[in-house]
Every structure is written in structure tokens, then in C-alpha cells.
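What follows is a single structure, written as C-alpha cells, with notes after it.
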Amino acid sequence: MKLFLTLFLGVFLLASCGDSNQSPAVEQSVNATDLYLTRCAGCHGTDGNLQLSGAKALSASTLKKEEVVSQIKMGKGNMPPFEGRLTEKEFDALADYVLTFRAK
Ligand code: HEC
């Protein structure tokens, strides 16, 4: 029972995180890590290097920040476009986050 409750709560929390993107009218602070993990890690992995579905290793990317933003918006190949699904602030935060995977 306890396990079930924990699972249920976990799913509920995840679902409510996803929903927060549905109301861009509400000004919220952007959590780039959460965004990346829910929207991008499925193909790119938590460290940017998973390369699932032909995804490129983000640590090896040489795109400029503006190009990263536009690729997230427009998509490319197997990568879906996120235009209209995220706010400008979120695109900006995600691009910054993606750049942190590069040579440290
Ligand atoms: C369904 C899988 C999938 C998801 C989800 C996905 N990507 Fe991608 N991504 C790809 C693929 C495939 C490519 C390679 C596209 C190509 O060049 O053909 C790619 C390429 C990229 C590149 C370009 C790398 C380079 O140097 O060319 C960036 C940056 C990127 N993704 C960021 C993101 C971000 C940020 C998210 C989340 C908002 C995301 N991706 C979500 C599959 C995905």
C-alpha cells in the first residue's frame, strides 16, 4: 500500500510538472533542468550523450546559442519541433543548459 501511494504521488507530481507548460500566461521561473529532463533526455540522455533515435551528442555540438534555440524550435530529422509548446524564456534556458554539456 505504501509503495502504491508513493508511485501514485510520483506520477501525480510528474503530471503536474508537465501541465505547468500549458499556461504560458502565468509568469513562472524556468527550471531548465526539469525541462531538459522531461523534454529532451528521452533522446539525448541526462548527460547529453545518449544519441537515441539518431540524436546528436550535445557535448560534441558546435552550434551557436542562437542556432541551438532555432533547432529546438524547428526540430530537425528525428527531433520534433518545440515551437508553440514552450515559451521564449524556456527556449533560452534550454539552450543555456545544452551549452553546459560541452567540454568542461
Ligand atoms: C525524439 C528524440 C529527440 C528529442 C525529444 C530531442 N531531440 Fe534534439 N536531436 C534529436 C536528433 C535525432 C538530432 C539530430 C538531428 C539531425 O541533425 O539530423 C538532434 C539534435 C539536437 C541538437 C543539435 C546538435 C548539433 O550539433 O547538431 C540540439 C542542440 C538538440 N538536439 C537539443 C535538444 C533539446 C534542447 C531538446 C529538448 C527540448 C531535444 N533536443 C529533444 C532528437 C531529439
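Following the order of the C-alpha cells, chains are lettered A, B, ..., residues in each are numbered from 1, and ligands are numbered from 1.
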
Residues of chain A that have any atom at most 10 Å from an atom of ligand 1: could you tabulate them with the shortest-distance atom pair and the distance in Å to one decimal, using only C-alpha atoms and all ligand atoms, ordered by chain and increasing number, as a tab-separated table?
residue	atom	partner	partner_atom_place_in_ligand_line	distance
A:Ala32	CA	ligand 1	35 (C)	9.6
A:Leu35	CA	ligand 1	38 (C)	7.2
A:Tyr36	CA	ligand 1	37 (C)	5.6
A:Leu37	CA	ligand 1	37 (C)	8.1
A:Thr38	CA	ligand 1	37 (C)	8.0
A:Arg39	CA	ligand 1	37 (C)	4.6
A:Cys40	CA	ligand 1	37 (C)	3.4
A:Ala41	CA	ligand 1	5 (C)	6.8
A:Gly42	CA	ligand 1	5 (C)	5.7
A:Cys43	CA	ligand 1	2 (C)	4.3
A:His44	CA	ligand 1	7 (N)	6.1
A:Gly45	CA	ligand 1	6 (C)	9.4
A:Gly48	CA	ligand 1	32 (C)	8.5
A:Leu50	CA	ligand 1	42 (C)	10.0
A:Gln51	CA	ligand 1	11 (C)	7.5
A:Leu52	CA	ligand 1	2 (C)	6.8
A:Ser53	CA	ligand 1	12 (C)	5.4
A:Gly54	CA	ligand 1	12 (C)	4.3
A:Ala55	CA	ligand 1	11 (C)	3.3
A:Lys56	CA	ligand 1	14 (C)	4.9
A:Ala57	CA	ligand 1	24 (C)	6.7
A:Leu58	CA	ligand 1	24 (C)	5.5
A:Ser59	CA	ligand 1	26 (O)	8.4
A:Ala60	CA	ligand 1	26 (O)	6.7
A:Ser61	CA	ligand 1	26 (O)	3.5
A:Thr62	CA	ligand 1	26 (O)	5.4
A:Leu63	CA	ligand 1	26 (O)	5.3
A:Lys64	CA	ligand 1	26 (O)	8.9
A:Lys65	CA	ligand 1	29 (C)	8.5
A:Glu66	CA	ligand 1	29 (C)	9.9
A:Glu67	CA	ligand 1	29 (C)	7.7
A:Val68	CA	ligand 1	29 (C)	4.6
A:Val69	CA	ligand 1	29 (C)	7.5
A:Ser70	CA	ligand 1	29 (C)	8.8
A:Gln71	CA	ligand 1	28 (C)	6.3
A:Ile72	CA	ligand 1	34 (C)	5.5
A:Lys73	CA	ligand 1	38 (C)	8.2
A:Gly75	CA	ligand 1	8 (Fe)	7.3
A:Lys76	CA	ligand 1	15 (C)	4.7
A:Gly77	CA	ligand 1	18 (O)	4.1
A:Asn78	CA	ligand 1	12 (C)	4.1
A:Met79	CA	ligand 1	42 (C)	3.7
A:Pro80	CA	ligand 1	1 (C)	6.0
A:Pro81	CA	ligand 1	38 (C)	8.4
A:Phe82	CA	ligand 1	38 (C)	6.6
A:Glu83	CA	ligand 1	38 (C)	9.8
A:Arg85	CA	ligand 1	38 (C)	9.7
A:Leu86	CA	ligand 1	38 (C)	8.7
A:Glu90	CA	ligand 1	38 (C)	9.0
A:Phe91	CA	ligand 1	38 (C)	7.6
A:Asp92	CA	ligand 1	35 (C)	9.7
A:Ala93	CA	ligand 1	35 (C)	9.2
A:Leu94	CA	ligand 1	35 (C)	5.4
A:Ala95	CA	ligand 1	35 (C)	6.1
A:Asp96	CA	ligand 1	35 (C)	9.1
A:Tyr97	CA	ligand 1	35 (C)	7.8
A:Val98	CA	ligand 1	35 (C)	6.0
A:Leu99	CA	ligand 1	29 (C)	8.2

Output file for the residues above (C-alpha atoms, as a CSV table (one decimal), in the first residue's frame):
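Dumped everything to selection01.csv:
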chain,number,residue,atom,x,y,z
A,32,ALA,CA,15.9,24.3,-17.2
A,35,LEU,CA,12.6,21.0,-18.8
A,36,TYR,CA,15.5,19.2,-20.2
A,37,LEU,CA,14.8,16.0,-18.3
A,38,THR,CA,11.1,15.9,-19.4
A,39,ARG,CA,11.5,17.1,-23.0
A,40,CYS,CA,15.0,16.2,-24.2
A,41,ALA,CA,16.6,13.5,-22.1
A,42,GLY,CA,14.5,10.8,-23.7
A,43,CYS,CA,16.7,11.1,-26.8
A,44,HIS,CA,19.7,13.0,-25.6
A,45,GLY,CA,20.2,11.3,-22.2
A,48,GLY,CA,23.5,14.9,-23.4
A,50,LEU,CA,22.7,9.1,-25.2
A,51,GLN,CA,22.2,9.6,-29.0
A,52,LEU,CA,18.9,7.7,-29.2
A,53,SER,CA,16.8,7.9,-32.4
A,54,GLY,CA,19.9,9.4,-34.2
A,55,ALA,CA,20.1,12.2,-31.7
A,56,LYS,CA,23.5,14.0,-31.7
A,57,ALA,CA,25.8,14.1,-28.7
A,58,LEU,CA,25.2,17.6,-27.3
A,59,SER,CA,28.7,17.7,-25.8
A,60,ALA,CA,30.2,17.5,-29.3
A,61,SER,CA,27.8,20.1,-30.8
A,62,THR,CA,29.4,23.2,-32.3
A,63,LEU,CA,26.2,25.2,-32.8
A,64,LYS,CA,26.0,28.7,-31.6
A,65,LYS,CA,23.4,29.5,-28.9
A,66,GLU,CA,21.0,31.1,-31.5
A,67,GLU,CA,21.3,28.0,-33.6
A,68,VAL,CA,20.5,25.8,-30.7
A,69,VAL,CA,17.4,27.9,-29.9
A,70,SER,CA,16.2,27.7,-33.5
A,71,GLN,CA,16.9,23.9,-33.7
A,72,ILE,CA,14.8,23.4,-30.6
A,73,LYS,CA,12.0,25.4,-32.1
A,75,GLY,CA,13.3,20.5,-34.9
A,76,LYS,CA,15.5,18.5,-37.4
A,77,GLY,CA,15.5,15.0,-38.7
A,78,ASN,CA,14.0,12.8,-35.9
A,79,MET,CA,14.0,15.7,-33.5
A,80,PRO,CA,10.5,17.2,-33.0
A,81,PRO,CA,9.9,20.9,-33.2
A,82,PHE,CA,9.0,22.5,-29.9
A,83,GLU,CA,7.7,25.8,-31.3
A,85,ARG,CA,4.9,24.2,-26.9
A,86,LEU,CA,7.4,26.2,-24.8
A,90,GLU,CA,12.1,28.3,-21.8
A,91,PHE,CA,13.9,28.0,-25.2
A,92,ASP,CA,16.5,30.4,-23.9
A,93,ALA,CA,17.0,28.5,-20.6
A,94,LEU,CA,17.2,25.1,-22.5
A,95,ALA,CA,19.8,26.5,-24.9
A,96,ASP,CA,21.9,27.6,-22.0
A,97,TYR,CA,21.5,24.2,-20.4
A,98,VAL,CA,22.5,22.4,-23.6
A,99,LEU,CA,25.7,24.5,-23.8

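Residues of region 46-78 of chain A assigned to helix (DSSP H, G or I) by DSSP on this structure's backbone: Leu52, Ser53, Gly54, Leu58, Ser59, Ala60, Lys65, Glu66, Glu67, Val68, Val69, Ser70, Gln71, Ile72, Lys73 and Met74 of chain A.
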